[in-house]
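Peer 1: After the C-alpha cells below, expect a handful of questions from me.
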Amino acid sequence: MATHVHRPVTPHAVHVEGLTRAFDGRAVIDDLRLDVRPGEFVALLGRSGCGKSTLLRILAGLDRDIEGTVLVPRRKAVAFQAPRLMPWKKVWRNVLLGLPGKPERAVAEQALDEVGLGHRSGAWPKTLSGGEAQRTSLARALVREPDLLLLDEPFGALDALTRIKAQRLVGELWQRRGCAVLLVTHDVEEAVLLADRVLVMDGGVIAHEQRIDLDRPRDITDPRFAALRAGLLERLGVEATAAEAA
Amino acid sequence: MSISHAPPMSSEPDISPISAPDLDLQPLVPASSRRTRVPRWLRRTTGPVLLLALWQLLSSTGALQPDVLASPGRIAQVAGDMVADGSLPAAMGTSLQRVAAGLLLGLVVGTGLALLSGLFRIGEDLVDAPVQMLRTVPFVGLIPLFIIWFGIGEAPKVAIITLGVTFPLYLNVYAGIRGVDAQLIEAGESLGLSRWGLVRHVVLPGALPNAMTGLRYSLGIAWLALVFAEQVNADSGIGFLMVQARDFLRTDVIVVCLVVYAFLGLLADFIVRSLERLLLQWRPTFTGR
C-alpha cells in the first residue's frame, strides 16, 4: 500500500472537506466530506439527481464553482458514460490525446492491448461497437497512469453481456494498476461486485457507508453478496421484492 | 378478457403454423443480384449525352434557329477556333486569376472573422453583428461603389469576388465552431489539453464539415461574382468575351463561354469533393443506393 503514497503527508488519494456546490442557490452538494485511500476502489451510489455525477465532475476538475477543500492527485483520468472519442482521430491518436510530449504509437497500443483492443488501434472511432468505444475510452484514461481513476457510469450504455465483460475488465485493470478508483453508478450489484467501500449519497452528503469485505473474485450468488445488495437497496429506498428476499 | 381456447391439458400442443397455411411469402433478393451491370460513370454521362443529342437534333431539323441558339457541332467548332487563336485560353487565364485572388482573400477574411467570433466571446460581440448586417446587402449592388473606390482595373473585380466569398464561409465556419459537441470539449479538458490544444484537436476538426459546406457555397458564389464583375467595365476575361459576343449577336461564342463557366464550376466542385474525401474520411456517410 505504501508504494502508492505519492504525498507522504496526506495518506489520501482524495480528500474532500466542507465541499458545497450550488446551482441557482440550491445546494446539490452540501458540506460534503470524503476521503479515499490510495489504491482503494470506492463506488458511489445514489438516486438520479442526488449530485453524484456533480461530485465526480468536481473531482475531475471540470466544475470549479465550488466552496470548500478538495485535494486530488495531479494525475487523474476520467471515463465518462459516453466514450466521448474525437471522431476525427484514429483510435490510437484518441488514446494519446493530451499526453505531454510526443508519445509514440506503441504507447497507445500497449494501453489498447490491456483492454483487448490492440488490433483496432488504426480504426476510426465511428466504426467501433459500443463496447469497443467504451474500452478505448478506458485505455485513454489508463495511458495517463492515473493515481485516481474517475468512472462516471461507464457501463450504463452497454448491453448486459458487454457490461459483465467490461466490469470484469475494470476489476482486473484496477488490481493490476493499483490506482484509486471512484466509480459513480446506479447499479447496486455493480458496486458490490467491484468496490472495497460503497458510499450512498443523499441530500448532498455521503449518507451511508458500507465496507465490502467479500473475497475477490466475488460471486453474485453468495448469500452474503445478496444481503449486502439488499441492504444497500433499502438504503436507496427500494424494498427488496419477495423473490429477492427468498 | 377471457381465454376461450387452448386448454392447459390439451393433448396436441398447438404450436405448429398449420393454422395459417396461406401466408404470402416473398423472396428477398440479395442486393448484388439487383445491381445493374452498367458502370457508374457511364450512367452519370448518359443524361448529358442524351440532352446534347436532342439539342443537335433540334438544330439539324431547323426547329432551333442558329441566331437563337447555335448547334452543338457549331459550338464545338467555334470553341476549337477560339482555342487555336489563343483568345479563349487567355480569357480563361485572366478569369481564373481573378477568381483565385478573390477566393484566397475571401477565405482568409471569412475564416479569420469566423475564428475570431467563434472562439472568443469578445470577438463575437465585436464581429458578429456587423457581419450579419453586411451580409444582407446584395454584394452585386456594391459594384458601382467599388468602381468609384477602386477604379476599373482588377481591384474592383477581385473585391466583388472576395465579398461574395466571405459571408458564406464566415457563417458556416462560425456555425461549425459553435456547433462542436460540448461533451467532446469537456473530454478534451479532462485529458489535460490546453486552450490552444482544445482549438487544434477538438474545435477546428469539429468545425471542418461545416467549413467544407461553406467552401462549396463560396466557390459557387465566386463564379457568380466573376460573371457580374467581368460584365461591367472589363477588357479581358470570359465575361468580356460574352459581352463582346452579345454586341455581335454571336450566340455560339456566348454558349462557348457558358460551357467554359460550367466546366470551371465542375472542376471547383471536384476539388472540394476530393478535399472532403481526404479531410472528412472519419465520417461515415450515407452514399445512397
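Residue numbering restarts at 1 for every chain of the C-alpha cells, chains are lettered A, B, ... in their displayed order, and ligands are numbered from 1 as they appear.
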Show me, as a list of chain:residue names, the residues that have an atom within 9 Å of Asn233 in chain B when counting only C-alpha atoms, minus same-chain residues fewer than 6 positions from it.
Peer 2: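 Residues meeting the cut-off are B:Ile147, B:Ile152, B:Gly153, B:Phe240.
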Peer 1: Would you pick out the contacts of Thr127 in chain A at 12 Å or less, using only C-alpha atoms, so that residues sharing its chain but fewer than 4 positions from it are not included, and give the list as a list in words?
Peer 2: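 Close residues of Thr127 in chain A: Leu85, Pro87, Trp88, Lys89, Lys90, Val91, Arg120, Ser121, Gly122, Ala123, Gly131, Glu132 and Ala133 of chain A; Gln281, Trp282, Arg283, Pro284 and Thr285 of chain B.
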Peer 1: Within 7 Å of chain A, which residues of chain B show up when using only C-alpha atoms, listed as a VMD selection string?
Peer 2: chain B and resid 183 to 184 187 190 to 193 205 282
Peer 1: Using only C-alpha atoms, which protein or nucleic acid residues come within 9 Å of range 105-113 of chain B? Drop anything in the same chain fewer than 6 positions from it, and give the result as a ChimeraX atom specification.
Peer 2: /B:123,127-128,131,158-159,161-171,173-174,211,215,218
Peer 1: Okay, now the selection with C-alpha atoms, as a short mmCIF file (atom, residue, chain, number, x, y, z; two decimals), in the first residue's frame?
Peer 2:
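New file again-v7.cif:
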data_model
loop_
_atom_site.label_atom_id
_atom_site.label_comp_id
_atom_site.auth_asym_id
_atom_site.auth_seq_id
_atom_site.Cartn_x
_atom_site.Cartn_y
_atom_site.Cartn_z
CA GLY B 123 -14.78 38.62 -30.88
CA VAL B 127 -17.59 40.98 -35.21
CA ASP B 128 -20.83 39.06 -35.49
CA VAL B 131 -21.05 40.85 -40.42
CA VAL B 158 -11.32 40.89 -57.05
CA ALA B 159 -13.08 42.88 -54.32
CA ILE B 161 -15.46 38.13 -55.53
CA THR B 162 -13.86 38.49 -52.11
CA LEU B 163 -17.03 39.99 -50.72
CA GLY B 164 -19.21 37.27 -52.21
CA VAL B 165 -16.97 34.52 -50.85
CA THR B 166 -16.50 35.90 -47.35
CA PHE B 167 -20.06 35.63 -46.00
CA PRO B 168 -20.97 32.00 -46.70
CA LEU B 169 -17.60 30.97 -45.32
CA TYR B 170 -17.99 33.12 -42.24
CA LEU B 171 -21.47 31.82 -41.49
CA VAL B 173 -17.26 28.18 -40.09
CA TYR B 174 -18.81 30.15 -37.24
CA ALA B 211 -16.34 24.70 -43.20
CA LEU B 215 -16.29 26.41 -49.11
CA SER B 218 -18.21 30.12 -51.63
#
Peer 1: Can you pull out every residue within 7 Å of Asp152 in chain A, counting only C-alpha atoms, but drop anything in the same chain fewer than 6 positions away, and send it as a list in words?
Peer 2: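 Once the nearby chain positions are removed, what remains is Ser53, Ala79, Phe80, Gln81, Leu183, Val184 and Thr185 of chain A.
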